[in-house]
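S.K.: Pasting protein.pdb here (PDB, C-alpha atoms):
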MODEL        1
ATOM      1  CA  MET A 203     -58.709  66.342  50.930
ATOM      2  CA  ASN A 204     -57.935  63.347  48.732
ATOM      3  CA  ILE A 205     -54.878  61.104  48.981
ATOM      4  CA  HIS A 206     -54.169  58.930  45.953
ATOM      5  CA  SER A 207     -52.330  55.786  46.970
ATOM      6  CA  CYS A 208     -51.538  52.137  46.214
ATOM      7  CA  GLU A 209     -51.496  49.216  48.621
ATOM      8  CA  ASN A 210     -48.365  49.145  50.803
ATOM      9  CA  SER A 211     -46.998  52.306  49.156
ATOM     10  CA  ARG A 212     -45.574  55.411  50.829
ATOM     11  CA  GLY A 213     -49.139  56.684  50.753
ATOM     12  CA  LEU A 214     -49.410  54.894  54.103
ATOM     13  CA  ARG A 215     -47.500  57.784  55.661
ATOM     14  CA  PRO A 216     -49.959  60.651  55.054
ATOM     15  CA  ILE A 217     -52.981  58.358  55.474
ATOM     16  CA  TRP A 218     -51.653  57.165  58.841
ATOM     17  CA  CYS A 219     -50.937  60.760  59.831
ATOM     18  CA  ALA A 220     -54.455  61.833  58.852
ATOM     19  CA  GLU A 221     -55.896  58.947  60.883
ATOM     20  CA  GLU A 222     -53.850  59.847  63.966
ATOM     21  CA  MET A 223     -55.092  63.446  63.671
ATOM     22  CA  GLU A 224     -58.687  62.339  63.003
ATOM     23  CA  LEU A 225     -58.867  64.523  59.899
ATOM     24  CA  GLU A 226     -61.567  64.327  57.287
ATOM     25  CA  TYR A 227     -60.102  62.954  54.071
ATOM     26  CA  GLU A 228     -60.740  60.601  51.181
ATOM     27  CA  VAL A 229     -58.491  57.943  49.718
ATOM     28  CA  THR A 230     -58.390  56.941  46.073
ATOM     29  CA  MET A 231     -56.735  53.545  45.843
ATOM     30  CA  LEU A 232     -55.085  52.699  42.528
ATOM     31  CA  PRO A 233     -53.477  49.592  41.030
ATOM     32  CA  PHE A 234     -49.674  49.535  40.921
ATOM     33  CA  PRO A 235     -48.116  51.050  38.889
ATOM     34  CA  PRO A 236     -50.955  53.507  38.215
ATOM     35  CA  ARG A 237     -49.242  55.277  35.302
ATOM     36  CA  VAL A 238     -49.413  51.949  33.420
ATOM     37  CA  LEU A 239     -52.639  50.406  34.723
ATOM     38  CA  LYS A 240     -54.598  53.666  35.118
ATOM     39  CA  PRO A 241     -53.059  56.018  32.519
ATOM     40  CA  GLU A 242     -55.826  58.570  33.136
ATOM     41  CA  TYR A 243     -54.143  59.152  36.515
ATOM     42  CA  LEU A 244     -51.502  61.128  34.615
ATOM     43  CA  ASN A 245     -54.146  63.812  34.124
ATOM     44  CA  ILE A 246     -54.178  64.252  37.900
ATOM     45  CA  ASN A 247     -50.478  63.734  38.615
ATOM     46  CA  PRO A 248     -48.305  64.132  35.497
ATOM     47  CA  LEU A 249     -45.451  62.308  37.261
ATOM     48  CA  GLY A 250     -47.632  59.244  37.724
ATOM     49  CA  THR A 251     -46.144  58.729  41.181
ATOM     50  CA  ILE A 252     -47.801  57.630  44.414
ATOM     51  CA  PRO A 253     -48.859  59.124  46.749
ATOM     52  CA  PHE A 254     -50.474  62.327  45.533
ATOM     53  CA  LEU A 255     -52.317  64.676  47.867
ATOM     54  CA  GLU A 256     -54.970  67.151  46.801
ATOM     55  CA  ASP A 257     -56.311  69.636  49.332
ATOM     56  CA  GLY A 258     -58.095  72.473  47.584
ATOM     57  CA  HIS A 259     -55.444  74.231  45.514
ATOM     58  CA  VAL A 260     -52.672  72.261  47.253
ATOM     59  CA  LYS A 261     -51.050  69.473  45.226
ATOM     60  CA  MET A 262     -48.199  67.409  46.713
ATOM     61  CA  THR A 263     -46.155  64.415  45.525
ATOM     62  CA  GLU A 264     -43.811  63.706  48.476
ATOM     63  CA  SER A 265     -45.104  61.604  51.362
ATOM     64  CA  VAL A 266     -42.851  63.070  54.068
ATOM     65  CA  GLY A 267     -43.782  66.567  52.914
ATOM     66  CA  MET A 268     -47.453  65.599  53.116
ATOM     67  CA  CYS A 269     -47.055  64.585  56.760
ATOM     68  CA  LEU A 270     -45.346  67.881  57.531
ATOM     69  CA  TYR A 271     -48.116  69.725  55.707
ATOM     70  CA  LEU A 272     -50.839  67.967  57.689
ATOM     71  CA  VAL A 273     -49.320  68.599  61.121
ATOM     72  CA  GLU A 274     -48.525  72.235  60.337
ATOM     73  CA  LYS A 275     -51.738  73.058  58.484
ATOM     74  CA  TYR A 276     -54.175  71.192  60.712
ATOM     75  CA  GLY A 277     -52.344  71.242  64.060
ATOM     76  CA  PRO A 278     -51.416  71.930  66.738
ATOM     77  CA  THR A 279     -50.651  68.273  67.361
ATOM     78  CA  ASP A 280     -48.162  66.276  69.406
ATOM     79  CA  LEU A 281     -47.205  64.557  66.142
ATOM     80  CA  ALA A 282     -45.058  67.618  65.403
ATOM     81  CA  ILE A 283     -41.970  68.801  67.253
ATOM     82  CA  ARG A 284     -41.393  72.528  67.547
ATOM     83  CA  PRO A 285     -38.094  74.443  67.155
ATOM     84  CA  TYR A 286     -37.928  75.202  70.888
ATOM     85  CA  GLU A 287     -37.985  71.487  71.803
ATOM     86  CA  THR A 288     -34.716  69.720  72.551
ATOM     87  CA  ASP A 289     -35.116  67.035  69.888
ATOM     88  CA  TYR A 290     -36.143  69.368  67.054
ATOM     89  CA  HIS A 291     -32.898  68.680  65.173
ATOM     90  CA  LEU A 292     -33.434  64.910  65.501
ATOM     91  CA  TYR A 293     -36.977  65.316  64.203
ATOM     92  CA  LEU A 294     -35.790  67.117  61.063
ATOM     93  CA  ASN A 295     -32.961  64.663  60.537
ATOM     94  CA  TRP A 296     -35.186  61.582  60.855
ATOM     95  CA  LEU A 297     -37.781  63.033  58.478
ATOM     96  CA  THR A 298     -35.206  63.533  55.730
ATOM     97  CA  HIS A 299     -33.370  60.312  56.632
ATOM     98  CA  ALA A 300     -36.599  58.382  56.032
ATOM     99  CA  ASP A 301     -36.400  58.787  52.253
ATOM    100  CA  ALA A 302     -32.906  60.063  51.465
ATOM    101  CA  THR A 303     -31.178  57.209  53.299
ATOM    102  CA  LEU A 304     -33.674  54.400  53.913
ATOM    103  CA  THR A 305     -36.389  54.096  51.281
ATOM    104  CA  PHE A 306     -34.186  55.213  48.380
ATOM    105  CA  PRO A 307     -32.280  51.901  48.169
ATOM    106  CA  GLN A 308     -35.537  50.029  48.747
ATOM    107  CA  THR A 309     -37.043  51.518  45.585
ATOM    108  CA  VAL A 310     -34.241  49.884  43.589
ATOM    109  CA  VAL A 311     -34.859  46.545  45.300
ATOM    110  CA  LEU A 312     -38.592  46.919  44.648
ATOM    111  CA  ARG A 313     -38.103  47.678  40.983
ATOM    112  CA  TYR A 314     -35.728  44.840  40.210
ATOM    113  CA  THR A 315     -37.281  42.133  42.372
ATOM    114  CA  ILE A 316     -40.975  42.799  41.720
ATOM    115  CA  GLN A 317     -41.454  45.048  38.682
ATOM    116  CA  GLU A 318     -38.545  43.822  36.550
ATOM    117  CA  PRO A 319     -37.302  40.564  38.099
ATOM    118  CA  GLY A 320     -34.093  39.203  36.655
ATOM    119  CA  VAL A 321     -33.137  42.405  34.844
ATOM    120  CA  ALA A 322     -30.622  43.589  37.434
ATOM    121  CA  ASP A 323     -30.312  40.973  40.151
ATOM    122  CA  ALA A 324     -26.875  42.187  41.234
ATOM    123  CA  ALA A 325     -28.120  45.757  41.645
ATOM    124  CA  ALA A 326     -31.129  44.613  43.662
ATOM    125  CA  GLU A 327     -28.936  42.554  45.985
ATOM    126  CA  GLY A 328     -26.419  45.389  46.324
ATOM    127  CA  TYR A 329     -29.074  47.898  47.297
ATOM    128  CA  ARG A 330     -30.634  45.381  49.661
ATOM    129  CA  ARG A 331     -27.297  45.174  51.522
ATOM    130  CA  TRP A 332     -26.943  48.957  51.360
ATOM    131  CA  PHE A 333     -30.344  49.449  52.994
ATOM    132  CA  VAL A 334     -29.519  47.010  55.800
ATOM    133  CA  SER A 335     -26.196  48.749  56.477
ATOM    134  CA  ARG A 336     -27.989  52.109  56.729
ATOM    135  CA  LEU A 337     -30.101  50.809  59.623
ATOM    136  CA  LYS A 338     -27.202  51.055  62.086
ATOM    137  CA  MET A 339     -28.149  54.554  63.268
ATOM    138  CA  LEU A 340     -31.796  53.619  63.712
ATOM    139  CA  GLU A 341     -31.026  50.455  65.684
ATOM    140  CA  SER A 342     -28.587  52.219  68.018
ATOM    141  CA  SER A 343     -30.841  55.263  68.491
ATOM    142  CA  LEU A 344     -33.721  53.058  69.637
ATOM    143  CA  GLY A 345     -31.643  51.327  72.286
ATOM    144  CA  ASP A 346     -33.175  53.315  75.145
ATOM    145  CA  ARG A 347     -36.123  54.931  73.376
ATOM    146  CA  GLU A 348     -39.732  54.019  72.759
ATOM    147  CA  PHE A 349     -39.995  56.691  70.050
ATOM    148  CA  LEU A 350     -37.469  58.528  67.894
ATOM    149  CA  CYS A 351     -37.866  62.029  69.348
ATOM    150  CA  SER A 352     -39.016  63.839  72.487
ATOM    151  CA  ASP A 353     -40.350  60.680  74.205
ATOM    152  CA  ARG A 354     -43.559  60.720  72.151
ATOM    153  CA  PHE A 355     -44.986  59.404  68.911
ATOM    154  CA  THR A 356     -44.452  61.850  66.025
ATOM    155  CA  ILE A 357     -44.467  61.885  62.250
ATOM    156  CA  ALA A 358     -40.768  60.982  62.457
ATOM    157  CA  ASP A 359     -41.887  57.555  63.677
ATOM    158  CA  ILE A 360     -44.486  57.369  60.906
ATOM    159  CA  CYS A 361     -42.061  58.287  58.138
ATOM    160  CA  VAL A 362     -39.099  56.178  59.258
ATOM    161  CA  SER A 363     -41.101  53.093  60.222
ATOM    162  CA  TYR A 364     -42.518  52.863  56.706
ATOM    163  CA  ALA A 365     -39.063  51.688  55.599
ATOM    164  CA  ILE A 366     -39.346  48.811  58.065
ATOM    165  CA  PHE A 367     -42.869  48.037  56.886
ATOM    166  CA  LEU A 368     -41.583  47.921  53.305
ATOM    167  CA  ALA A 369     -38.612  45.769  54.343
ATOM    168  CA  LYS A 370     -41.101  43.190  55.607
ATOM    169  CA  GLN A 371     -42.975  43.292  52.309
ATOM    170  CA  LEU A 372     -39.682  42.833  50.441
ATOM    171  CA  LYS A 373     -38.664  40.042  52.847
ATOM    172  CA  ILE A 374     -35.462  41.791  53.897
ATOM    173  CA  GLU A 375     -35.162  39.768  57.082
ATOM    174  CA  GLN A 376     -31.783  41.295  57.994
ATOM    175  CA  ALA A 377     -33.601  44.552  58.729
ATOM    176  CA  MET A 378     -35.457  43.020  61.677
ATOM    177  CA  LYS A 379     -32.908  43.951  64.310
ATOM    178  CA  PRO A 380     -34.002  43.734  67.983
ATOM    179  CA  ASN A 381     -34.607  47.414  68.794
ATOM    180  CA  ILE A 382     -36.085  48.127  65.379
ATOM    181  CA  THR A 383     -38.407  45.133  65.645
ATOM    182  CA  ARG A 384     -39.598  46.143  69.144
ATOM    183  CA  TRP A 385     -40.257  49.734  68.015
ATOM    184  CA  ALA A 386     -41.921  48.914  64.686
ATOM    185  CA  THR A 387     -44.094  46.142  66.124
ATOM    186  CA  ALA A 388     -45.558  48.557  68.673
ATOM    187  CA  LEU A 389     -46.156  51.227  66.032
ATOM    188  CA  PHE A 390     -47.920  48.842  63.667
ATOM    189  CA  GLU A 391     -50.327  47.883  66.451
ATOM    190  CA  ARG A 392     -51.620  51.439  66.672
ATOM    191  CA  PRO A 393     -55.294  51.615  65.646
ATOM    192  CA  ALA A 394     -54.620  54.514  63.258
ATOM    193  CA  PHE A 395     -51.995  52.461  61.403
ATOM    194  CA  LYS A 396     -54.400  49.536  61.099
ATOM    195  CA  ARG A 397     -57.080  51.820  59.691
ATOM    196  CA  ALA A 398     -54.614  53.339  57.242
ATOM    197  CA  HIS A 399     -53.382  49.929  56.130
ATOM    198  CA  ALA A 400     -56.941  48.671  55.642
ATOM    199  CA  HIS A 401     -57.393  50.722  52.449
ATOM    200  CA  LYS A 402     -57.282  48.306  49.500
ATOM    201  CA  TYR A 403     -57.621  48.664  45.768
ATOM    202  CA  ILE A 404     -60.772  46.981  44.486
ATOM    203  CA  GLU A 405     -60.890  46.450  40.752
ATOM    204  CA  THR A 406     -64.188  47.311  39.136
ATOM    205  CA  SER A 407     -65.391  46.207  35.724
ATOM    206  CA  GLY A 408     -65.910  48.804  33.038
TER     207      GLY A 408
ENDMDL
END
Since I need it in another form, could you write the structure as structure tokens?

M.R.:
Amino acid sequence: MNIHSCENSRGLRPIWCAEEMELEYEVTMLPFPPRVLKPEYLNINPLGTIPFLEDGHVKMTESVGMCLYLVEKYGPTDLAIRPYETDYHLYLNWLTHADATLTFPQTVVLRYTIQEPGVADAAAEGYRRWFVSRLKMLESSLGDREFLCSDRFTIADICVSYAIFLAKQLKIEQAMKPNITRWATALFERPAFKRAHAHKYIETSG
């Protein structure tokens, strides 16, 4: 299994998941954006997006889907919640919420504050506010919970907390609400997260 990723990208999700499950895998770290700085990457992933998972004949481009694939393919694991469990619906909702609601506006902020600064400052600020407003459900849900679902750490926590990790990188301080901060701080102290985050791109000559 090989996971292609960039530093601080959504590739953290499947790498973290693989670390929690103690799976055997390799990571290929690329410069960002790889489709520009490593155009040969397009021969592997024609979209040029990160992350990209290869596992035999399996090829995947979506980080949340990769986490689901890992827990279903290589489980059983407590990282997954099963249909007979009470919080199964919350699990599914948080997994889709992670990208559809939270990291989507962050990609706009990322593009126009880091990749193309000054091109669309108003859009970047608007999406920054949009992201912060979408954190209301997360903050309230964590009021009496250590984890998002079923009183245990799952890939829902992995996938949703990445948005908070990225908010820190983007310096969106308004995202650091009390319950969110308590929850995310504990998650980012997990040894598997630290191992996942330790992967860095090292430029080589030639």

S.K.: Mind running region 308-370 of chain A against region 277-298 of chain A at 8 Å and telling me each contacting residue's nearest atom pair with the distance in Å (one decimal), counting only C-alpha atoms, chain and number ascending, as a Markdown table?

M.R.:
| residue | atom | partner | partner_atom | distance |
| --- | --- | --- | --- | --- |
| A:Leu350 | CA | A:Tyr293 | CA | 7.7 |
| A:Cys351 | CA | A:Asp289 | CA | 5.7 |
| A:Ser352 | CA | A:Asp289 | CA | 5.7 |
| A:Arg354 | CA | A:Asp280 | CA | 7.7 |
| A:Phe355 | CA | A:Leu281 | CA | 6.3 |
| A:Thr356 | CA | A:Leu281 | CA | 3.9 |
| A:Ile357 | CA | A:Leu281 | CA | 5.5 |
| A:Ala358 | CA | A:Leu297 | CA | 5.4 |
| A:Cys361 | CA | A:Leu297 | CA | 6.4 |
| A:Val362 | CA | A:Trp296 | CA | 6.9 |

S.K.: Could you spell out the hits of the PyMOL selection byres ((chain A and resi 204-214) around 10) on the shown file, as a ChimeraX atom specification?

M.R.: /A:203,215-220,226-236,243,246-247,251-258,261-266,268,301,305,360-361,364-365,367-368,371,395,397-403

S.K.: Take CA of Leu225 (chain A) and CA of Leu272 (chain A) and report the distance between them in Å, one decimal.

M.R.: 9.0 Å

S.K.: May I have the residues within 9 Å of Ala326 (chain A) as an MDAnalysis selection string, using all atoms listed in the file and disregarding those fewer than 2 positions away in the same chain?

M.R.: chainID A and resid 307:308 310:315 322:324 328:331

S.K.: Go ahead and compute the interatomic distance for CA of Asp353 (chain A) and CA of Ala302 (chain A), in Å to one decimal.

M.R.: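 Computing the Euclidean distance for CA of Asp353 (chain A) and CA of Ala302 (chain A) yields 23.9 Å.
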
S.K.: By how many Å are CA of Leu344 (chain A) and CA of Arg384 (chain A) apart?

M.R.: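 Rounded to one decimal, the two atoms are 9.1 Å apart.
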
S.K.: Considering only C-alpha atoms, state which residue in the set A:Thr387, A:Asn381, A:Thr309, A:Gln376 is at the smallest distance from Ser343 (chain A).

M.R.: A:Asn381

S.K.: Selected by the PyMOL selection byres ((chain A and resi 339-342) around 8) in the shown coordinates: which residues, as a list in words?

M.R.: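 Applied to this file, the PyMOL selection byres ((chain A and resi 339-342) around 8) selects Arg336, Leu337, Lys338, Ser343, Leu344, Gly345, Lys379, Pro380, Asn381 and Ile382 of chain A.
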
S.K.: List the residues selected by the PyMOL selection byres ((chain A and resi 377) around 9) in the file shown, writing them as a list in words.

M.R.: Phe333, Val334, Ser335, Leu337, Ile366, Ala369, Lys370, Lys373, Ile374, Glu375, Gln376, Met378, Lys379, Ile382 and Thr383 of chain A

S.K.: Save region 233-276 of chain A to a file: N, CA and C atoms, as an mmCIF file, in the first residue's frame.

M.R.:
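Result saved to part09.cif:
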data_model
loop_
_atom_site.group_PDB
_atom_site.id
_atom_site.type_symbol
_atom_site.label_atom_id
_atom_site.label_comp_id
_atom_site.auth_asym_id
_atom_site.auth_seq_id
_atom_site.Cartn_x
_atom_site.Cartn_y
_atom_site.Cartn_z
ATOM 1 N N PRO A 233 6.053 17.595 -3.060
ATOM 2 C CA PRO A 233 5.949 19.040 -2.834
ATOM 3 C C PRO A 233 4.561 19.511 -3.245
ATOM 4 N N PHE A 234 4.128 20.637 -2.677
ATOM 5 C CA PHE A 234 2.790 21.156 -2.989
ATOM 6 C C PHE A 234 2.891 22.413 -3.852
ATOM 7 N N PRO A 235 2.090 22.456 -4.938
ATOM 8 C CA PRO A 235 1.184 21.439 -5.477
ATOM 9 C C PRO A 235 1.934 20.475 -6.392
ATOM 10 N N PRO A 236 1.728 19.178 -6.229
ATOM 11 C CA PRO A 236 2.529 18.203 -6.983
ATOM 12 C C PRO A 236 2.309 18.260 -8.494
ATOM 13 N N ARG A 237 1.108 18.620 -8.934
ATOM 14 C CA ARG A 237 0.861 18.646 -10.386
ATOM 15 C C ARG A 237 1.700 19.720 -11.078
ATOM 16 N N VAL A 238 2.183 20.703 -10.298
ATOM 17 C CA VAL A 238 3.046 21.755 -10.847
ATOM 18 C C VAL A 238 4.513 21.429 -10.609
ATOM 19 N N LEU A 239 4.840 21.031 -9.369
ATOM 20 C CA LEU A 239 6.236 20.828 -8.988
ATOM 21 C C LEU A 239 6.752 19.425 -9.290
ATOM 22 N N LYS A 240 5.837 18.471 -9.453
ATOM 23 C CA LYS A 240 6.210 17.098 -9.832
ATOM 24 C C LYS A 240 5.234 16.630 -10.916
ATOM 25 N N PRO A 241 5.322 17.200 -12.116
ATOM 26 C CA PRO A 241 4.335 16.893 -13.164
ATOM 27 C C PRO A 241 4.263 15.415 -13.520
ATOM 28 N N GLU A 242 5.329 14.652 -13.244
ATOM 29 C CA GLU A 242 5.289 13.217 -13.516
ATOM 30 C C GLU A 242 4.274 12.504 -12.626
ATOM 31 N N TYR A 243 3.872 13.171 -11.530
ATOM 32 C CA TYR A 243 2.839 12.603 -10.651
ATOM 33 C C TYR A 243 1.521 12.406 -11.399
ATOM 34 N N LEU A 244 1.291 13.190 -12.429
ATOM 35 C CA LEU A 244 0.063 13.063 -13.215
ATOM 36 C C LEU A 244 -0.018 11.709 -13.914
ATOM 37 N N ASN A 245 1.107 11.041 -14.075
ATOM 38 C CA ASN A 245 1.092 9.697 -14.644
ATOM 39 C C ASN A 245 0.535 8.677 -13.662
ATOM 40 N N ILE A 246 0.611 9.018 -12.368
ATOM 41 C CA ILE A 246 0.072 8.151 -11.324
ATOM 42 C C ILE A 246 -1.377 8.517 -11.025
ATOM 43 N N ASN A 247 -1.607 9.808 -10.822
ATOM 44 C CA ASN A 247 -2.957 10.315 -10.539
ATOM 45 C C ASN A 247 -3.259 11.431 -11.536
ATOM 46 N N PRO A 248 -4.022 11.139 -12.581
ATOM 47 C CA PRO A 248 -4.298 12.144 -13.615
ATOM 48 C C PRO A 248 -4.944 13.422 -13.085
ATOM 49 N N LEU A 249 -5.613 13.343 -11.932
ATOM 50 C CA LEU A 249 -6.206 14.549 -11.343
ATOM 51 C C LEU A 249 -5.142 15.449 -10.722
ATOM 52 N N GLY A 250 -4.024 14.866 -10.349
ATOM 53 C CA GLY A 250 -2.970 15.639 -9.700
ATOM 54 C C GLY A 250 -3.273 16.012 -8.271
ATOM 55 N N THR A 251 -4.311 15.411 -7.695
ATOM 56 C CA THR A 251 -4.738 15.756 -6.339
ATOM 57 C C THR A 251 -4.033 14.903 -5.297
ATOM 58 N N ILE A 252 -4.086 15.380 -4.081
ATOM 59 C CA ILE A 252 -3.516 14.717 -2.900
ATOM 60 C C ILE A 252 -4.621 14.572 -1.869
ATOM 61 N N PRO A 253 -4.714 13.431 -1.201
ATOM 62 C CA PRO A 253 -3.867 12.246 -1.294
ATOM 63 C C PRO A 253 -4.294 11.318 -2.434
ATOM 64 N N PHE A 254 -3.481 10.299 -2.642
ATOM 65 C CA PHE A 254 -3.800 9.250 -3.611
ATOM 66 C C PHE A 254 -3.316 7.938 -3.023
ATOM 67 N N LEU A 255 -4.226 6.977 -2.920
ATOM 68 C CA LEU A 255 -3.906 5.690 -2.318
ATOM 69 C C LEU A 255 -3.845 4.619 -3.383
ATOM 70 N N GLU A 256 -2.778 3.833 -3.334
ATOM 71 C CA GLU A 256 -2.640 2.662 -4.198
ATOM 72 C C GLU A 256 -2.506 1.435 -3.303
ATOM 73 N N ASP A 257 -3.332 0.450 -3.546
ATOM 74 C CA ASP A 257 -3.280 -0.798 -2.784
ATOM 75 C C ASP A 257 -3.593 -1.931 -3.745
ATOM 76 N N GLY A 258 -2.547 -2.452 -4.391
ATOM 77 C CA GLY A 258 -2.774 -3.429 -5.450
ATOM 78 C C GLY A 258 -3.500 -2.764 -6.609
ATOM 79 N N HIS A 259 -4.633 -3.320 -6.984
ATOM 80 C CA HIS A 259 -5.414 -2.739 -8.088
ATOM 81 C C HIS A 259 -6.261 -1.556 -7.636
ATOM 82 N N VAL A 260 -6.327 -1.323 -6.333
ATOM 83 C CA VAL A 260 -7.176 -0.256 -5.782
ATOM 84 C C VAL A 260 -6.484 1.092 -5.941
ATOM 85 N N LYS A 261 -7.217 2.065 -6.489
ATOM 86 C CA LYS A 261 -6.736 3.436 -6.619
ATOM 87 C C LYS A 261 -7.830 4.355 -6.060
ATOM 88 N N MET A 262 -7.469 5.237 -5.133
ATOM 89 C CA MET A 262 -8.463 6.114 -4.512
ATOM 90 C C MET A 262 -7.932 7.539 -4.398
ATOM 91 N N THR A 263 -8.845 8.517 -4.553
ATOM 92 C CA THR A 263 -8.465 9.929 -4.504
ATOM 93 C C THR A 263 -9.087 10.697 -3.332
ATOM 94 N N GLU A 264 -10.028 10.089 -2.605
ATOM 95 C CA GLU A 264 -10.748 10.816 -1.553
ATOM 96 C C GLU A 264 -10.324 10.324 -0.173
ATOM 97 N N SER A 265 -9.872 11.245 0.663
ATOM 98 C CA SER A 265 -9.267 10.866 1.943
ATOM 99 C C SER A 265 -10.257 10.214 2.903
ATOM 100 N N VAL A 266 -11.487 10.698 2.955
ATOM 101 C CA VAL A 266 -12.482 10.075 3.836
ATOM 102 C C VAL A 266 -12.790 8.666 3.339
ATOM 103 N N GLY A 267 -12.920 8.516 2.024
ATOM 104 C CA GLY A 267 -13.150 7.196 1.449
ATOM 105 C C GLY A 267 -12.010 6.244 1.750
ATOM 106 N N MET A 268 -10.777 6.761 1.755
ATOM 107 C CA MET A 268 -9.622 5.925 2.080
ATOM 108 C C MET A 268 -9.718 5.394 3.498
ATOM 109 N N CYS A 269 -10.120 6.236 4.440
ATOM 110 C CA CYS A 269 -10.267 5.792 5.826
ATOM 111 C C CYS A 269 -11.334 4.704 5.937
ATOM 112 N N LEU A 270 -12.445 4.904 5.252
ATOM 113 C CA LEU A 270 -13.490 3.881 5.242
ATOM 114 C C LEU A 270 -12.969 2.587 4.637
ATOM 115 N N TYR A 271 -12.227 2.700 3.557
ATOM 116 C CA TYR A 271 -11.649 1.523 2.906
ATOM 117 C C TYR A 271 -10.743 0.762 3.868
ATOM 118 N N LEU A 272 -9.878 1.480 4.566
ATOM 119 C CA LEU A 272 -8.928 0.822 5.464
ATOM 120 C C LEU A 272 -9.622 0.084 6.597
ATOM 121 N N VAL A 273 -10.630 0.726 7.220
ATOM 122 C CA VAL A 273 -11.277 0.064 8.362
ATOM 123 C C VAL A 273 -12.137 -1.113 7.918
ATOM 124 N N GLU A 274 -12.719 -1.017 6.715
ATOM 125 C CA GLU A 274 -13.552 -2.116 6.230
ATOM 126 C C GLU A 274 -12.706 -3.242 5.648
ATOM 127 N N LYS A 275 -11.675 -2.906 4.920
ATOM 128 C CA LYS A 275 -10.832 -3.901 4.267
ATOM 129 C C LYS A 275 -9.932 -4.624 5.257
ATOM 130 N N TYR A 276 -9.369 -3.880 6.207
ATOM 131 C CA TYR A 276 -8.354 -4.442 7.088
ATOM 132 C C TYR A 276 -8.813 -4.565 8.542
#
